[in-house]
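Have a look at query-v5.pdb; it's PDB, C-alpha atoms, pLDDT in the B column:
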ATOM      1  CA  MET W 250     113.886 106.413  62.376  1.00 51.00           C
ATOM      2  CA  GLY W 251     111.077 108.444  63.948  1.00 51.00           C
ATOM      3  CA  CYS W 252     112.888 111.703  64.776  1.00 53.00           C
ATOM      4  CA  PRO W 253     116.013 113.242  63.291  1.00 54.00           C
ATOM      5  CA  GLY W 254     118.957 111.462  64.894  1.00 57.00           C
ATOM      6  CA  SER W 255     116.999 108.289  65.736  1.00 61.00           C
ATOM      7  CA  LYS W 256     119.071 105.148  65.996  1.00 63.00           C
ATOM      8  CA  LEU W 257     118.771 101.481  66.882  1.00 62.00           C
ATOM      9  CA  ASN W 258     121.747  99.816  68.570  1.00 64.00           C
ATOM     10  CA  VAL W 259     122.240  96.259  67.296  1.00 60.00           C
ATOM     11  CA  VAL W 260     125.103  93.849  66.836  1.00 56.00           C
ATOM     12  CA  ALA W 261     125.324  92.898  63.170  1.00 51.00           C
ATOM     13  CA  PRO W 262     125.171  89.162  62.529  1.00 49.00           C
ATOM     14  CA  PRO W 263     128.346  87.260  61.723  1.00 51.00           C
ATOM     15  CA  ALA W 264     128.425  84.924  58.749  1.00 48.00           C
ATOM     16  CA  ALA W 265     125.939  82.064  59.039  1.00 47.00           C
ATOM     17  CA  ALA W 266     126.864  79.054  61.133  1.00 45.00           C
ATOM     18  CA  PRO W 267     128.238  76.189  59.059  1.00 44.00           C
ATOM     19  CA  ALA W 268     125.908  73.331  58.206  1.00 42.00           C
ATOM     20  CA  ALA W 269     126.157  70.164  60.288  1.00 41.00           C
ATOM     21  CA  GLN W 270     128.905  67.785  59.181  1.00 43.00           C
ATOM     22  CA  ALA W 271     128.777  63.998  59.371  1.00 43.00           C
ATOM     23  CA  THR W 272     131.035  62.552  62.056  1.00 46.00           C
ATOM     24  CA  PRO W 273     133.945  60.329  60.976  1.00 49.00           C
ATOM     25  CA  ALA W 274     132.166  57.290  62.490  1.00 47.00           C
ATOM     26  CA  ALA W 275     129.053  58.002  60.415  1.00 46.00           C
ATOM     27  CA  GLN W 276     131.157  58.289  57.265  1.00 51.00           C
ATOM     28  CA  LYS W 277     132.678  54.810  57.859  1.00 54.00           C
ATOM     29  CA  ASP W 278     129.501  52.991  58.944  1.00 54.00           C
ATOM     30  CA  PRO W 279     126.549  53.411  56.539  1.00 53.00           C
ATOM     31  CA  ASN W 280     124.180  51.924  59.198  1.00 52.00           C
ATOM     32  CA  LEU W 281     124.641  54.939  61.509  1.00 52.00           C
ATOM     33  CA  LEU W 282     121.994  57.616  61.217  1.00 52.00           C
ATOM     34  CA  VAL W 283     123.316  60.961  60.050  1.00 47.00           C
ATOM     35  CA  PRO W 284     121.370  63.988  61.280  1.00 52.00           C
ATOM     36  CA  ALA W 285     119.747  66.138  58.619  1.00 52.00           C
ATOM     37  CA  GLU W 286     121.504  69.394  57.849  1.00 56.00           C
ATOM     38  CA  ALA W 287     120.613  72.050  60.369  1.00 57.00           C
ATOM     39  CA  LYS W 288     119.230  75.338  59.118  1.00 69.00           C
ATOM     40  CA  PRO W 289     121.866  78.029  59.527  1.00 83.00           C
ATOM     41  CA  THR W 290     121.213  80.545  62.276  1.00 85.00           C
ATOM     42  CA  THR W 291     122.866  83.706  63.477  1.00 87.00           C
ATOM     43  CA  SER W 292     122.807  85.470  66.836  1.00 90.00           C
ATOM     44  CA  LEU W 293     121.104  88.799  67.179  1.00 91.00           C
ATOM     45  CA  LYS W 294     121.441  91.367  69.957  1.00 95.00           C
ATOM     46  CA  ILE W 295     119.376  94.542  70.152  1.00 95.00           C
ATOM     47  CA  TYR W 296     120.453  96.830  72.956  1.00 96.00           C
ATOM     48  CA  SER W 297     118.410  99.988  72.628  1.00 95.00           C
ATOM     49  CA  ALA W 298     116.526 102.440  70.437  1.00 95.00           C
ATOM     50  CA  HIS W 299     117.041 106.207  70.643  1.00 93.00           C
ATOM     51  CA  GLY W 300     115.401 109.355  69.324  1.00 93.00           C
ATOM     52  CA  LEU W 301     111.952 107.835  68.764  1.00 95.00           C
ATOM     53  CA  ARG W 302     108.779 109.889  68.515  1.00 93.00           C
ATOM     54  CA  SER W 303     105.850 109.664  70.885  1.00 93.00           C
ATOM     55  CA  ALA W 304     103.101 107.702  69.115  1.00 92.00           C
ATOM     56  CA  ASP W 305     100.435 107.325  71.822  1.00 88.00           C
ATOM     57  CA  LEU W 306      97.593 109.838  71.884  1.00 81.00           C
ATOM     58  CA  VAL W 307      97.793 110.226  75.653  1.00 83.00           C
ATOM     59  CA  GLY W 308     100.805 110.378  77.936  1.00 86.00           C
ATOM     60  CA  ASN W 309     103.566 111.495  75.544  1.00 90.00           C
ATOM     61  CA  LYS W 310     104.890 107.926  75.303  1.00 94.00           C
ATOM     62  CA  SER W 311     105.373 104.901  73.069  1.00 96.00           C
ATOM     63  CA  ASP W 312     105.245 101.190  73.856  1.00 96.00           C
ATOM     64  CA  VAL W 313     108.271 100.210  71.779  1.00 97.00           C
ATOM     65  CA  TYR W 314     109.176  96.841  70.298  1.00 97.00           C
ATOM     66  CA  VAL W 315     111.255  95.680  67.348  1.00 97.00           C
ATOM     67  CA  GLU W 316     110.417  93.039  64.736  1.00 97.00           C
ATOM     68  CA  VAL W 317     113.378  91.510  62.918  1.00 97.00           C
ATOM     69  CA  GLU W 318     113.199  89.190  59.931  1.00 96.00           C
ATOM     70  CA  ILE W 319     115.196  88.077  56.945  1.00 95.00           C
ATOM     71  CA  GLU W 320     113.767  89.558  53.741  1.00 95.00           C
ATOM     72  CA  GLY W 321     111.695  86.915  51.948  1.00 95.00           C
ATOM     73  CA  LYS W 322     111.817  84.493  54.900  1.00 94.00           C
ATOM     74  CA  SER W 323     108.792  85.354  57.069  1.00 91.00           C
ATOM     75  CA  ASP W 324     109.336  82.280  59.251  1.00 93.00           C
ATOM     76  CA  SER W 325     112.573  83.893  60.490  1.00 94.00           C
ATOM     77  CA  LYS W 326     110.730  86.715  62.320  1.00 96.00           C
ATOM     78  CA  VAL W 327     111.650  87.422  65.945  1.00 96.00           C
ATOM     79  CA  THR W 328     110.162  90.126  68.165  1.00 97.00           C
ATOM     80  CA  THR W 329     111.498  91.894  71.252  1.00 97.00           C
ATOM     81  CA  ALA W 330     109.476  92.485  74.384  1.00 97.00           C
ATOM     82  CA  VAL W 331     107.494  95.743  74.585  1.00 97.00           C
ATOM     83  CA  VAL W 332     109.229  98.510  76.565  1.00 97.00           C
ATOM     84  CA  THR W 333     107.379 101.711  77.455  1.00 96.00           C
ATOM     85  CA  GLY W 334     109.281 104.955  77.031  1.00 95.00           C
ATOM     86  CA  THR W 335     108.234 108.524  77.811  1.00 95.00           C
ATOM     87  CA  ALA W 336     109.351 111.412  75.624  1.00 93.00           C
ATOM     88  CA  SER W 337     111.707 113.937  77.173  1.00 92.00           C
ATOM     89  CA  LYS W 338     114.202 116.554  76.046  1.00 88.00           C
ATOM     90  CA  LYS W 339     117.832 115.536  76.247  1.00 86.00           C
ATOM     91  CA  GLU W 340     120.113 117.241  78.731  1.00 86.00           C
ATOM     92  CA  GLY W 341     121.558 120.332  77.081  1.00 85.00           C
ATOM     93  CA  ALA W 342     118.871 120.388  74.363  1.00 84.00           C
ATOM     94  CA  GLY W 343     118.002 123.727  72.829  1.00 87.00           C
ATOM     95  CA  GLU W 344     114.683 125.497  73.257  1.00 85.00           C
ATOM     96  CA  ASN W 345     113.500 124.419  69.782  1.00 86.00           C
ATOM     97  CA  ASP W 346     114.654 120.787  70.089  1.00 87.00           C
ATOM     98  CA  LYS W 347     111.844 118.234  70.246  1.00 88.00           C
ATOM     99  CA  SER W 348     111.372 115.642  72.955  1.00 90.00           C
ATOM    100  CA  SER W 349     112.175 112.057  71.993  1.00 93.00           C
ATOM    101  CA  ILE W 350     112.089 108.575  73.482  1.00 95.00           C
ATOM    102  CA  ASP W 351     115.011 106.308  74.371  1.00 95.00           C
ATOM    103  CA  VAL W 352     114.407 102.698  75.463  1.00 96.00           C
ATOM    104  CA  ASN W 353     116.667  99.835  76.549  1.00 96.00           C
ATOM    105  CA  LEU W 354     115.488  96.632  74.874  1.00 96.00           C
ATOM    106  CA  GLN W 355     118.267  94.198  75.907  1.00 95.00           C
ATOM    107  CA  PHE W 356     117.102  91.495  73.466  1.00 96.00           C
ATOM    108  CA  VAL W 357     119.097  88.407  72.530  1.00 96.00           C
ATOM    109  CA  GLY W 358     117.749  85.967  69.942  1.00 94.00           C
ATOM    110  CA  GLU W 359     118.496  83.932  66.839  1.00 93.00           C
ATOM    111  CA  LEU W 360     117.541  84.432  63.215  1.00 91.00           C
ATOM    112  CA  LYS W 361     116.861  81.053  61.644  1.00 92.00           C
ATOM    113  CA  GLY W 362     117.717  80.512  57.990  1.00 91.00           C
ATOM    114  CA  TYR W 363     120.261  83.344  57.691  1.00 91.00           C
ATOM    115  CA  VAL W 364     122.861  82.934  54.952  1.00 90.00           C
ATOM    116  CA  ALA W 365     125.566  85.393  53.963  1.00 87.00           C
ATOM    117  CA  GLY W 366     124.143  88.154  51.786  1.00 89.00           C
ATOM    118  CA  ASP W 367     120.596  88.030  53.220  1.00 93.00           C
ATOM    119  CA  LYS W 368     118.955  91.376  53.971  1.00 95.00           C
ATOM    120  CA  ILE W 369     117.805  91.735  57.583  1.00 95.00           C
ATOM    121  CA  LEU W 370     114.791  93.988  58.106  1.00 96.00           C
ATOM    122  CA  PHE W 371     114.324  95.850  61.400  1.00 96.00           C
ATOM    123  CA  THR W 372     110.943  97.467  62.078  1.00 97.00           C
ATOM    124  CA  VAL W 373     110.513  99.551  65.237  1.00 97.00           C
ATOM    125  CA  LYS W 374     106.879  99.792  66.310  1.00 97.00           C
ATOM    126  CA  ASP W 375     104.602 101.245  68.971  1.00 97.00           C
ATOM    127  CA  LYS W 376     102.229  98.651  70.455  1.00 96.00           C
ATOM    128  CA  ASP W 377      98.605  99.795  70.454  1.00 92.00           C
ATOM    129  CA  PHE W 378      96.046  97.680  72.233  1.00 86.00           C
ATOM    130  CA  LEU W 379      92.902  99.170  70.654  1.00 87.00           C
ATOM    131  CA  MET W 380      94.184 100.006  67.160  1.00 89.00           C
ATOM    132  CA  SER W 381      96.827  98.705  64.760  1.00 94.00           C
ATOM    133  CA  ASP W 382     100.441  99.216  65.845  1.00 95.00           C
ATOM    134  CA  ASP W 383     102.255 102.348  64.650  1.00 94.00           C
ATOM    135  CA  SER W 384     105.528 102.146  62.741  1.00 95.00           C
ATOM    136  CA  LEU W 385     108.275 104.259  64.332  1.00 96.00           C
ATOM    137  CA  GLY W 386     110.937 103.415  61.771  1.00 94.00           C
ATOM    138  CA  LYS W 387     112.567 100.802  59.558  1.00 96.00           C
ATOM    139  CA  ALA W 388     116.088  99.811  58.607  1.00 95.00           C
ATOM    140  CA  THR W 389     117.628  97.170  56.354  1.00 95.00           C
ATOM    141  CA  VAL W 390     121.047  95.697  57.063  1.00 93.00           C
ATOM    142  CA  THR W 391     123.152  93.532  54.771  1.00 89.00           C
ATOM    143  CA  GLU W 392     126.463  91.861  55.512  1.00 76.00           C
ATOM    144  CA  GLY W 393     129.242  94.382  55.209  1.00 65.00           C
ATOM    145  CA  GLY W 394     126.676  97.191  54.962  1.00 56.00           C
TER     146      GLY W 394
END
Please re-express this file's structure in C-alpha cells.
Amino acid sequence: MGCPGSKLNVVAPPAAAPAAQATPAAQKDPNLLVPAEAKPTTSLKIYSAHGLRSADLVGNKSDVYVEVEIEGKSDSKVTTAVVTGTASKKEGAGENDKSSIDVNLQFVGELKGYVAGDKILFTVKDKDFLMSDDSLGKATVTEGG
C-alpha cells in the first residue's frame, strides 16, 4: 500500500445474504402484510494495517483509517475509527530498511447492497485536520479474488 510489503488484514465477505422470503402464513392469507425485500448485506471485519508510511509532517506518524465501499454504490460506504500509529523499524530490520507504521483497527461493520460479484474498494487514509486527507493505499477485492 504505502511502503513495500504493506498489507491490510480483512476478512473477505461471504456471498450476500438471501433476500427476505414470505412466511407460509403470508402466502396463504393475502390480507397479511409481507415485508419488502431487504437489501442484501455482508459482514466486514478489518483487523489491522501494516507497513504504512508516515504521512504527517511532524511526529513521524499517521492517523490511519479505512474507507470501504462497493464500487458504484456510494451509499454503501463505511469508515473505521481513526487510529494513530508511529513509524518504527521492525525488530531485526536491516540498516537500510525504512520505518513503517502498523495499526490495529479492530473494525466490524456491514456493507449494504452487496451482491456476489461486486467489487469492494478499500482506501487507507491518513486523517489531516487542517488539510485534505492523504491516501496511504488502495485495494480492490472481488469474490474469489
Practice prompt. Name every residue that the PyMOL selection byres ((chain W and resi 309) around 6) selects in this structure, writing the answer as number ranges by chain with chains first and numbers rising.
Written response: W: 303, 307-308, 310, 335-336
Discussion item. To test your reading of the syntax: which residues would the PyMOL selection byres ((chain W and resi 385) around 6) return for the file shown? Reply as a PyMOL selection string.
Written reply: chain W and resi 251+373-374+384+386
The selected residues should be written to file as an mmCIF file, keeping the file's coordinate frame (atoms: C-alpha atoms).
data_model
loop_
_atom_site.group_PDB
_atom_site.id
_atom_site.type_symbol
_atom_site.label_atom_id
_atom_site.label_comp_id
_atom_site.auth_asym_id
_atom_site.auth_seq_id
_atom_site.Cartn_x
_atom_site.Cartn_y
_atom_site.Cartn_z
ATOM 1 C CA GLY W 251 111.077 108.444 63.948
ATOM 2 C CA VAL W 373 110.513 99.551 65.237
ATOM 3 C CA LYS W 374 106.879 99.792 66.310
ATOM 4 C CA SER W 384 105.528 102.146 62.741
ATOM 5 C CA GLY W 386 110.937 103.415 61.771
#
Practice prompt. Find the residue from W:Gly334, W:Thr389, W:Gly343, W:Leu370 that sits nearest to Ser311 of chain W; use all atoms listed in the file when measuring.
Written response: W:Gly334
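Distance annotation: of W:Val327, W:Leu301, W:Leu293, W:Ile319, the residue with the minimal separation from Ser348 of chain W is W:Leu301; atom set is only C-alpha atoms.
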Practice prompt. Tell me, in Å to one decimal, how far atom CA of Asp312 of chain W is from atom CA of Asp382 of chain W.
Written response: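 Between atom CA of Asp312 of chain W and atom CA of Asp382 of chain W the gap works out to 9.5 Å.
Atom CA of Ala388 of chain W is positioned 17.0 Å from atom CA of Tyr363 of chain W.
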Practice prompt. Counting all atoms listed in the file, figure out which residue out of W:Thr329, W:Lys338, W:Thr391, W:Tyr296 gets nearest to Ala365 of chain W.
Written response: W:Thr391
Discussion item. I'd like the residues picked by the PyMOL selection byres ((chain W and resi 360) around 6) written out as a ChimeraX atom specification, using the chain letters and numbers from the file.
Written reply: /W:290-291,325,359,361
Fill in: Point-to-point distance from atom CA of Val364 of chain W to atom CA of Val331 of chain W, Å rounded to tenths
28.0 Å
Worksheet item: W:Val390, W:Leu354, W:Val317, W:Ala304: which is nearest Lys376 of chain W, counting all atoms listed in the file?
Response: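 Counting all atoms listed in the file, the residue closest to Lys376 of chain W is W:Ala304.
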Item to complete: Tell me which of W:Glu392, W:Asp375, W:Glu318, W:Asp383 sits closest to Val352 of chain W, counting all atoms listed in the file.
Response: W:Asp375
Quick one: 3 Å padding each side, axis-aligned, all listed atoms of segment 324-335 of chain W - centre and edge lengths in Å to one decimal, as JSON?
{"center_x": 110.0, "center_y": 95.4, "center_z": 68.5, "size_x": 11.2, "size_y": 32.2, "size_z": 24.6}
Worksheet item: Of the candidates W:Phe356, W:Glu344, W:Glu320, W:Ser381, which shows the shortest atom-to-atom distance to Ser292 of chain W, using all atoms listed in the file?
Response: W:Phe356
Kindly complete segment 300-315 of chain W to N, CA and C atoms; the output should be written as a PDB file, in the frame of the given file.
ATOM      1  N   GLY W 300     115.911 108.284  70.168  1.00 93.00           N
ATOM      2  CA  GLY W 300     115.401 109.355  69.324  1.00 93.00           C
ATOM      3  C   GLY W 300     114.066 109.059  68.683  1.00 93.00           C
ATOM      4  N   LEU W 301     113.253 108.208  69.329  1.00 95.00           N
ATOM      5  CA  LEU W 301     111.952 107.835  68.764  1.00 95.00           C
ATOM      6  C   LEU W 301     110.897 108.881  69.105  1.00 95.00           C
ATOM      7  N   ARG W 302     109.877 108.949  68.273  1.00 93.00           N
ATOM      8  CA  ARG W 302     108.779 109.889  68.515  1.00 93.00           C
ATOM      9  C   ARG W 302     107.743 109.267  69.449  1.00 93.00           C
ATOM     10  N   SER W 303     106.981 110.104  70.066  1.00 93.00           N
ATOM     11  CA  SER W 303     105.850 109.664  70.885  1.00 93.00           C
ATOM     12  C   SER W 303     104.701 109.335  69.943  1.00 93.00           C
ATOM     13  N   ALA W 304     104.154 108.114  70.038  1.00 92.00           N
ATOM     14  CA  ALA W 304     103.101 107.702  69.115  1.00 92.00           C
ATOM     15  C   ALA W 304     101.740 107.544  69.796  1.00 92.00           C
ATOM     16  N   ASP W 305     101.710 107.485  71.124  1.00 88.00           N
ATOM     17  CA  ASP W 305     100.435 107.325  71.822  1.00 88.00           C
ATOM     18  C   ASP W 305      99.716 108.670  71.914  1.00 88.00           C
ATOM     19  N   LEU W 306      98.395 108.614  71.840  1.00 81.00           N
ATOM     20  CA  LEU W 306      97.593 109.838  71.884  1.00 81.00           C
ATOM     21  C   LEU W 306      97.638 110.506  73.252  1.00 81.00           C
ATOM     22  N   VAL W 307      97.793 109.703  74.284  1.00 83.00           N
ATOM     23  CA  VAL W 307      97.793 110.226  75.653  1.00 83.00           C
ATOM     24  C   VAL W 307      99.092 109.821  76.345  1.00 83.00           C
ATOM     25  N   GLY W 308      99.669 110.723  77.100  1.00 86.00           N
ATOM     26  CA  GLY W 308     100.805 110.378  77.936  1.00 86.00           C
ATOM     27  C   GLY W 308     102.176 110.632  77.352  1.00 86.00           C
ATOM     28  N   ASN W 309     102.272 111.144  76.126  1.00 90.00           N
ATOM     29  CA  ASN W 309     103.566 111.495  75.544  1.00 90.00           C
ATOM     30  C   ASN W 309     104.545 110.318  75.600  1.00 90.00           C
ATOM     31  N   LYS W 310     104.057 109.127  75.205  1.00 94.00           N
ATOM     32  CA  LYS W 310     104.890 107.926  75.303  1.00 94.00           C
ATOM     33  C   LYS W 310     104.694 107.021  74.094  1.00 94.00           C
ATOM     34  N   SER W 311     105.506 105.980  74.054  1.00 96.00           N
ATOM     35  CA  SER W 311     105.373 104.901  73.069  1.00 96.00           C
ATOM     36  C   SER W 311     105.699 103.586  73.760  1.00 96.00           C
ATOM     37  N   ASP W 312     104.985 102.540  73.370  1.00 96.00           N
ATOM     38  CA  ASP W 312     105.245 101.190  73.856  1.00 96.00           C
ATOM     39  C   ASP W 312     106.031 100.495  72.751  1.00 96.00           C
ATOM     40  N   VAL W 313     107.355 100.536  72.864  1.00 97.00           N
ATOM     41  CA  VAL W 313     108.271 100.210  71.779  1.00 97.00           C
ATOM     42  C   VAL W 313     108.626  98.721  71.743  1.00 97.00           C
ATOM     43  N   TYR W 314     108.627  98.172  70.534  1.00 97.00           N
ATOM     44  CA  TYR W 314     109.176  96.841  70.298  1.00 97.00           C
ATOM     45  C   TYR W 314     109.764  96.812  68.903  1.00 97.00           C
ATOM     46  N   VAL W 315     110.595  95.799  68.636  1.00 97.00           N
ATOM     47  CA  VAL W 315     111.255  95.680  67.348  1.00 97.00           C
ATOM     48  C   VAL W 315     110.971  94.300  66.766  1.00 97.00           C
TER      49      VAL W 315
END
